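The structure under discussion appears below in the form of structure tokens.
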Amino acid sequence: MARKMKLRTRTREGKIEILVLINHPMETGLRKDKKTKEKIPAHYIQKMTLHHNGQLAAEANFGIGVSEDPLIGFRLDDAKNGDKVKVEWSDNKGETGAIEAVVEG
Amino acid sequence: MCYGIFRLDWLSINQLKHSSSVVEFIQSLRGTNVTDEESILVTQMKRRIFLQSSLASGIIMAAAATGLLKPGTVLAAAWPANAFAAKTIDDALKQLYGTNAVTESKDIEIKAPLQAENGAVVPVAVSTSLPKPEAISLYVKENVQPLAAAIDLPRASGYFSARVKMAKTSEVRAVIKSGGKLYSTSMNIKVTVGGCGG
């Protein structure tokens with residue numbers, strides 16, 4: 001059930017930016033199947049955390065307003081090349097994922 | 001005996017999935033081994049707790065009740081369901097921060113297209129020069145559920161970007177918590193119906 005994830009780091013405005021891409025439908029639960037007229041059940045990411053060298057740097061809560069295949073960006077004030085970053089997420093159906101990377105500005 | 005109310009940290013749940021027993025779970029969270037005496041205590045507690053809902057909550061309860069886990073290790077902010085269910089920005093703010101008193105601020109910048117061809121994918125980036133930003137939240141006023149994302153920033157800088165869905169042309173609002181106060185700015189994004197670039 002592992003979903004595709006990508007994590008990329010870059011320097012923006014003097015800070016390290018962490019960009020995460022997750023392949024996820026982010027289904028709102030409001031859409032209807034055009035053929036069966038039945039509601040498509042909600043399936044979306046609710047939590048995401050960013051750890052920087054093992055310490056919690058950001059904790060995000062998402063609703064259904066975040067687009068399909070979310071591309072999320074955070075920035076770190078005190079990060080430098082070689083630091084470890086880790087992003088983890090979980091959705092409303094209990095699916096989870098994690099990705100780790102080394103900062104490269 | 002007091003169980004208290006434990007909100008499950010999703011990370012703990014993650015660890016729980018990989019643990020075959022209470023003892024292993026406690027070890028993985030504490031990072032130290034469980035003594036023989038403690039493991040007997042856990043076994044006794046497990047017998048006394050009715051594992052009604054799920055194995056996971058049963059294990060957490062057993063671990064919590066024996067006092068081997070401090071609440072802090074299990075406790076983490078739960079997903080704020082009420083805030084996301086709110087139909088207005090004011091309501092969502094009250095649910096999230098306990099107040100909807102926001103000050104308009106020029107120190108917050110929203111980077112987004114003035115006109116979005118596809119309302120399903122609108123890139124929005126929020127940044128701020130406010131000191132010590134504690135939290136960011138992002139709203140699309142005309143959406144059924146205006147709150148799109150709420151981020152706590154224990155250490156990261158005052159920046160967040162994502163792609164959001166927009167039902168129609170709407171005000172997009174960013175709220176930043178800094179020094180216990182709420183600051184906000186907004187911009188209007190036009191959504192072209194049909195997405196053919198008109």
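Ligands are numbered from 1 in the order shown, chains are lettered A, B, ... in the order of the structure tokens, and residues start at 1 in each chain.
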
Determine, for each residue of chain B having at least one atom at most 6 Å from an atom of chain A, the closest pair of atoms and their separation in Å to one decimal, counting only C-alpha atoms; order by chain and ascending number, as JSON lines.
```
{"residue": "B:Val121", "atom": "CA", "partner": "A:Ser67", "partner_atom": "CA", "distance": 5.7}
{"residue": "B:Ala148", "atom": "CA", "partner": "A:Gly65", "partner_atom": "CA", "distance": 4.4}
{"residue": "B:Ala149", "atom": "CA", "partner": "A:Phe62", "partner_atom": "CA", "distance": 4.5}
{"residue": "B:Ala150", "atom": "CA", "partner": "A:Asn61", "partner_atom": "CA", "distance": 5.1}
{"residue": "B:Ile151", "atom": "CA", "partner": "A:Ala60", "partner_atom": "CA", "distance": 4.0}
{"residue": "B:Asp152", "atom": "CA", "partner": "A:Glu59", "partner_atom": "CA", "distance": 5.1}
{"residue": "B:Leu153", "atom": "CA", "partner": "A:Ala58", "partner_atom": "CA", "distance": 4.5}
{"residue": "B:Pro154", "atom": "CA", "partner": "A:Ala57", "partner_atom": "CA", "distance": 5.3}
{"residue": "B:Arg155", "atom": "CA", "partner": "A:Ala57", "partner_atom": "CA", "distance": 4.3}
{"residue": "B:Ala156", "atom": "CA", "partner": "A:Leu76", "partner_atom": "CA", "distance": 4.8}
{"residue": "B:Ser157", "atom": "CA", "partner": "A:Leu76", "partner_atom": "CA", "distance": 5.3}
{"residue": "B:Tyr159", "atom": "CA", "partner": "A:Arg75", "partner_atom": "CA", "distance": 5.8}
{"residue": "B:Phe160", "atom": "CA", "partner": "A:Phe74", "partner_atom": "CA", "distance": 5.1}
{"residue": "B:Ser161", "atom": "CA", "partner": "A:Gly73", "partner_atom": "CA", "distance": 4.6}
{"residue": "B:Ala162", "atom": "CA", "partner": "A:Ile72", "partner_atom": "CA", "distance": 4.7}
{"residue": "B:Arg163", "atom": "CA", "partner": "A:Ser67", "partner_atom": "CA", "distance": 5.5}
{"residue": "B:Val164", "atom": "CA", "partner": "A:Val66", "partner_atom": "CA", "distance": 4.4}
{"residue": "B:Lys165", "atom": "CA", "partner": "A:Gly65", "partner_atom": "CA", "distance": 5.1}
```

Original post:
chain A: which residues are strand (DSSP E or B) by DSSP, as a count of residues only?
Top reply: 58

**OP:** Compile the contact shell of His43 in chain A as a ChimeraX atom specification: residues with an atom at most 8 Å away, counting only C-alpha atoms, same-chain residues fewer than 5 positions apart removed.
**Re:** /A:25-29,91-93

Original post:
What does the distance between CA of Thr88 in chain B and CA of Val124 in chain B come to in Å, to one decimal place?
Top reply: 19.7 Å

Original post:
Just how far from CA of Lys111 in chain B is CA of Phe84 in chain B, in Å to one decimal?
Top reply: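 Taking CA of Phe84 in chain B as the start and CA of Lys111 in chain B as the end point, the length is 22.9 Å.
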
Subject >> Shell of 8 Å around Gly105 in chain A, only C-alpha atoms, local chain residues under 4 positions omitted, as a VMD selection string >> reply: chain A and resid 9 to 11 16 80 to 81

Can those selected residues be exported to a file as a PDB file, in the first residue's frame so that it contains C-alpha atoms?
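Result file follows (result14.pdb):
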```
ATOM      1  CA  THR A   9      15.373  20.220  -0.480  1.00  0.00           C
ATOM      2  CA  ARG A  10      16.548  23.514  -1.891  1.00  0.00           C
ATOM      3  CA  THR A  11      17.592  26.966  -0.738  1.00  0.00           C
ATOM      4  CA  ILE A  16      16.242  25.509   3.465  1.00  0.00           C
ATOM      5  CA  LYS A  80      22.307  23.166   6.845  1.00  0.00           C
ATOM      6  CA  ASN A  81      23.587  20.711   4.280  1.00  0.00           C
TER       7      ASN A  81
END
```

Subject >> Within 8 Å of Thr169 in chain B using only C-alpha atoms, minus same-chain residues under 3 positions, as a PyMOL selection string >> reply: chain B and resi 142+166+188-192

Subject >> Length of the CA of Lys86 in chain A to CA of Asn53 in chain A vector [Å] >> reply: 8.1 Å
